[in-house]
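Q: Handing you a structure now.
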Amino acid sequence: MNCIIIDDEAMARAIVRQLCSKIPGLDVIEEFDNAISAIKFLNQQDIDVIFLDIHMPGFSGVDFVQTLKDPPKVVMTTSDTDFAIAAYEYECIVDYLVKPITLERFEKSIAKIHSASTQKPQAKVAANADSAVGEDLYINIDRRLIKLKLDEILVIEAKGDYIDVKTEKEEHRVHTTLKKIKEKLPEKLFLQIHRSYIINFTKIIDIEDNSVLIAKNVVPISRSNRPELMRRLNLL
Amino acid sequence: MIDQPNLNYVNELAGDDVEFRGQFIDIIKNEFPQEKEEYFGHVSNTRVKETAEIVHKLKHKFNILGMENSYKLAVVYEMELLEGKHDSQSKFKEILETIEEYIKTI
C-alpha cells in the first residue's frame, strides 16, 4: 500500500512519515507542504492513501478533498479536537487523527483503511441510503467545522457564492452552492422548492399558493417544483 | 505556571531511531524561531488574522512538546484573536520564551 502526506508543517510530515515507517507494507512515496502540488502529482500517479492535514493556509484539506474526482482513501489529520470532524461527510475519508498522533491510534487508522478497502461498494451505497434523521452535517465556517443536526435545519437559501443555512436556533453563511449541499442532504427530509431554496419539508407549517411557511420563514415555491412538493405531502 | 516542554512523545515515536530524533530536533530548532518571529511581527503590526494563523501553527508544537496546558491556552488565545480580543497574549509570550530556552538545551 502506498501513500502520500500533505501537511504544511515539516514537523507534522516527519511524524506521519515516522508512523508510516512502523507499518509493514506501507510506503510513503511523496510528501507535500501544500495541496495544490499534490493535485498535480495525483493526476500522474495512483496512490492508495492520503494523510491530509485539514488546516492549511489558502487551500484547506477539505477544499482538497472536494477537488478529487476519483479519490483514494483519505485520513485527515488535525491539531484541533474541534475539527473532529467532517470526516464522514465524504465517502473517501475513512478516519481522522488528532495530533499528536500516537502509534496505537495510527495502527487503528490503518486497520480502518484495510477494512474500507475490502468493503463492497454496494454496502457503502446502502449505508448512504440509510443516512437520514438524527445524522449530522458539518459546515466549514472560518476554518472551523460546525456540526448541524440535519433534522434541525429549516431552510437553506442560495445567496450568490454562499448559502444561508437556517436552523431552529441559528443561521450560518457557508461558502458553497445549493447544488453541492443538496447532494449531502437526505431526500427523506429535504426538497428543493425553488432555484434558491431547499427546505426541510417536515418543518412546514402551512402552504399557500406560491409559498410555504417554515417557522418564521416564508419560502417561495417555483411552478416547476410545486408538483414534487405536493407529491411528497401526505394530503388528506 | 507554564508547563515545561519535553521530548517524551518524540522519544516514544523514535524508539531506537536516532536519525528521526535528530531530524525532529533539527526541524524544531529551525522552525520555531522563524514562527516565533513571524508571530511577533504580526502582533506588532496588529495583523489579527495572521496572528491567529501563526498561533494555530505554534500550538501544534506545544502539543508535540507535551505542553498540554499551553496548548489549551493557545486554543483559547486563537479564539480570542478571531473575536478581536487578546487577553491571553502575555501568557502566550511566556510560553514562547519557555520553549525558546528549552530548545537551546536539546
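Order determines the names: the first chain of the C-alpha cells is A, the second B, and so forth; residues in each chain are numbered 1 upward, and ligands are numbered 1 upward as they are shown.
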Would you mind writing down, as number ranges by chain, each residue of range 1-163 of chain A that DSSP on the backbone assigns to helix (DSSP H, G or I)?
A: A: 10-21, 35-42, 61-67, 81-83, 86-89, 103-118, 121-130, 150-152
Q: If you count only C-alpha atoms, which residues fall within 8 Å of range 53-62 of chain A, apart from same-chain ones fewer than 4 positions away, as a VMD selection string?
A: chain A and resid 6 to 8 34 to 36 66 76 to 78 143
Q: Enumerate as a PyMOL selection string the residues belonging to chain B that approach chain A to within 9 Å, with only C-alpha atoms taken into account.
A: chain B and resi 9-10+13-14+20+23-24+27-28+31+53+56-57+59-61+63-64+75
Q: Store the residues picked out above in a file with N, CA and C atoms, as a short mmCIF file (atom, residue, chain, number, x, y, z; two decimals), in the first residue's frame.
A:
```
data_model
loop_
_atom_site.label_atom_id
_atom_site.label_comp_id
_atom_site.auth_asym_id
_atom_site.auth_seq_id
_atom_site.Cartn_x
_atom_site.Cartn_y
_atom_site.Cartn_z
N TYR B 9 7.09 12.46 23.78
CA TYR B 9 6.35 11.96 22.62
C TYR B 9 7.30 11.57 21.49
N VAL B 10 8.24 12.44 21.23
CA VAL B 10 9.19 12.20 20.14
C VAL B 10 10.06 10.99 20.44
N LEU B 13 8.10 7.88 19.89
CA LEU B 13 7.91 7.63 18.46
C LEU B 13 9.22 7.17 17.81
N ALA B 14 10.31 7.73 18.26
CA ALA B 14 11.61 7.42 17.65
C ALA B 14 12.09 6.02 18.04
N PHE B 20 15.64 9.80 13.22
CA PHE B 20 14.36 10.52 13.30
C PHE B 20 14.41 11.56 14.42
N GLN B 23 16.39 14.41 13.30
CA GLN B 23 15.66 15.17 12.28
C GLN B 23 14.61 16.06 12.93
N PHE B 24 13.92 15.47 13.90
CA PHE B 24 12.86 16.22 14.59
C PHE B 24 13.44 17.45 15.30
N ILE B 27 14.30 20.12 12.90
CA ILE B 27 13.11 20.84 12.40
C ILE B 27 12.65 21.87 13.44
N ILE B 28 12.55 21.44 14.68
CA ILE B 28 12.03 22.38 15.68
C ILE B 28 13.00 23.54 15.92
N GLU B 31 12.36 25.67 12.71
CA GLU B 31 11.03 26.26 12.51
C GLU B 31 10.60 27.18 13.64
N GLU B 53 -3.46 32.74 12.72
CA GLU B 53 -2.92 31.65 11.88
C GLU B 53 -1.63 31.08 12.47
N HIS B 56 -2.15 29.20 15.61
CA HIS B 56 -2.65 27.87 15.30
C HIS B 56 -1.47 26.92 14.99
N LYS B 57 -0.54 27.44 14.23
CA LYS B 57 0.62 26.63 13.84
C LYS B 57 1.50 26.31 15.06
N LYS B 59 0.69 26.21 18.18
CA LYS B 59 0.06 25.39 19.23
C LYS B 59 0.27 23.91 18.98
N HIS B 60 0.42 23.55 17.70
CA HIS B 60 0.72 22.15 17.37
C HIS B 60 2.06 21.74 17.99
N LYS B 61 2.99 22.67 17.98
CA LYS B 61 4.31 22.37 18.57
C LYS B 61 4.18 22.20 20.09
N ASN B 63 1.76 20.92 21.65
CA ASN B 63 1.24 19.57 21.81
C ASN B 63 2.35 18.53 21.68
N ILE B 64 3.13 18.68 20.64
CA ILE B 64 4.22 17.73 20.37
C ILE B 64 5.24 17.74 21.52
N VAL B 75 -5.32 27.47 22.29
CA VAL B 75 -6.65 27.29 21.68
C VAL B 75 -7.55 28.49 22.04
#
```
Q: Which residues come within 12 Å of Gln89 in chain B, counting only C-alpha atoms, excluding same-chain residues fewer than 5 positions away, as a list in words?
A: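 Listing them by chain and then by number gives Tyr39, Phe40, Val43, Ser44, Val48, Thr51, Ala52, Val55, Leu73, Ala74, Val75, Val76, Tyr77, Glu78, Met79, Glu80, Leu81, Glu94, Ile95 and Leu96 of chain B.
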Q: For C-alpha atoms, I'd like the residues from the last selection saved as an mmCIF file, in the first residue's frame.
A:
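Once written, selection_15.cif looks like this:
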```cif
data_model
loop_
_atom_site.group_PDB
_atom_site.id
_atom_site.type_symbol
_atom_site.label_atom_id
_atom_site.label_comp_id
_atom_site.auth_asym_id
_atom_site.auth_seq_id
_atom_site.Cartn_x
_atom_site.Cartn_y
_atom_site.Cartn_z
ATOM 1 C CA TYR B 39 4.172 35.811 15.449
ATOM 2 C CA PHE B 40 5.717 38.917 16.998
ATOM 3 C CA VAL B 43 1.342 41.199 16.747
ATOM 4 C CA SER B 44 3.326 44.412 16.441
ATOM 5 C CA VAL B 48 -5.068 39.813 13.771
ATOM 6 C CA THR B 51 -1.605 36.290 14.261
ATOM 7 C CA ALA B 52 -4.367 33.717 14.745
ATOM 8 C CA VAL B 55 -0.844 30.808 16.852
ATOM 9 C CA LEU B 73 -4.201 28.332 26.389
ATOM 10 C CA ALA B 74 -3.247 28.658 22.704
ATOM 11 C CA VAL B 75 -6.648 27.291 21.678
ATOM 12 C CA VAL B 76 -8.320 29.978 23.795
ATOM 13 C CA TYR B 77 -5.950 32.670 22.532
ATOM 14 C CA GLU B 78 -6.599 31.749 18.903
ATOM 15 C CA MET B 79 -10.331 32.091 19.515
ATOM 16 C CA GLU B 80 -9.811 35.393 21.321
ATOM 17 C CA LEU B 81 -7.890 36.768 18.370
ATOM 18 C CA GLU B 94 5.773 33.386 28.278
ATOM 19 C CA ILE B 95 5.157 30.012 26.631
ATOM 20 C CA LEU B 96 7.181 31.025 23.592
#
```
Q: So that I can check the surroundings of range 39-47 of chain A, please list as a PyMOL selection string every protein, DNA and RNA residue that reaches within 10 Å of it, counting only C-alpha atoms and ignoring chain neighbours fewer than 2 positions away.
A: chain A and resi 1-4+28-30+32+34-37+49-50+64-65+67-68+71-73
Q: Can you write just those residues out, N, CA and C atoms, as a tab-separated table (two decimals), in the first residue's frame?
A:
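Wrote out-v2.tsv, looks like this:
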```tsv
chain	number	residue	atom	x	y	z
A	1	MET	N	0.86	-1.18	0.00
A	1	MET	CA	0.00	0.00	0.00
A	1	MET	C	0.91	1.24	0.00
A	2	ASN	N	0.62	2.16	-0.91
A	2	ASN	CA	1.44	3.38	-0.92
A	2	ASN	C	0.62	4.59	-0.49
A	3	CYS	N	1.33	5.60	-0.04
A	3	CYS	CA	0.61	6.77	0.48
A	3	CYS	C	1.40	8.04	0.23
A	4	ILE	N	0.70	9.16	0.33
A	4	ILE	CA	1.38	10.46	0.35
A	4	ILE	C	0.94	11.21	1.61
A	28	VAL	N	5.63	5.45	2.02
A	28	VAL	CA	5.40	6.87	1.72
A	28	VAL	C	6.14	7.18	0.43
A	29	ILE	N	5.39	7.50	-0.61
A	29	ILE	CA	6.10	7.75	-1.87
A	29	ILE	C	6.36	9.23	-2.14
A	30	GLU	N	5.62	10.09	-1.41
A	30	GLU	CA	5.89	11.52	-1.60
A	30	GLU	C	5.25	12.29	-0.45
A	32	PHE	N	4.04	16.49	0.63
A	32	PHE	CA	3.80	17.83	0.07
A	32	PHE	C	3.49	18.82	1.19
A	34	ASN	N	1.85	21.55	0.45
A	34	ASN	CA	0.59	22.22	0.07
A	34	ASN	C	-0.23	21.29	-0.83
A	35	ALA	N	-1.53	21.55	-0.83
A	35	ALA	CA	-2.44	20.63	-1.51
A	35	ALA	C	-2.39	20.78	-3.03
A	36	ILE	N	-2.07	21.97	-3.50
A	36	ILE	CA	-2.06	22.22	-4.95
A	36	ILE	C	-1.02	21.32	-5.63
A	37	SER	N	0.16	21.24	-5.04
A	37	SER	CA	1.22	20.39	-5.62
A	37	SER	C	0.77	18.93	-5.63
A	49	VAL	N	-3.52	5.79	-0.34
A	49	VAL	CA	-3.95	6.53	0.85
A	49	VAL	C	-3.30	7.94	0.88
A	50	ILE	N	-4.09	8.90	1.33
A	50	ILE	CA	-3.54	10.24	1.57
A	50	ILE	C	-3.70	10.56	3.06
A	64	PHE	N	-9.40	20.46	-0.64
A	64	PHE	CA	-8.66	19.50	-1.45
A	64	PHE	C	-9.51	18.27	-1.75
A	65	VAL	N	-10.15	17.73	-0.72
A	65	VAL	CA	-10.97	16.53	-0.91
A	65	VAL	C	-12.08	16.80	-1.93
A	67	THR	N	-11.97	18.56	-4.47
A	67	THR	CA	-11.48	18.61	-5.85
A	67	THR	C	-11.23	17.22	-6.44
A	68	LEU	N	-11.19	16.20	-5.59
A	68	LEU	CA	-10.81	14.87	-6.06
A	68	LEU	C	-11.99	14.16	-6.73
A	71	PRO	N	-11.22	9.79	-5.67
A	71	PRO	CA	-10.22	9.88	-4.60
A	71	PRO	C	-9.81	8.53	-4.02
A	72	PRO	N	-8.54	8.44	-3.60
A	72	PRO	CA	-8.13	7.27	-2.82
A	72	PRO	C	-8.67	7.41	-1.40
A	73	LYS	N	-8.31	6.49	-0.54
A	73	LYS	CA	-8.71	6.61	0.86
A	73	LYS	C	-7.97	7.81	1.48
```
Q: What's the separation between CA of Asn200 in chain A and CA of Glu91 in chain A, in Å to one decimal place?
A: 23.4 Å
Q: Measure the distance from CA of Arg223 in chain A to CA of Asp206 in chain A in Å and round it to one decimal.
A: 17.2 Å
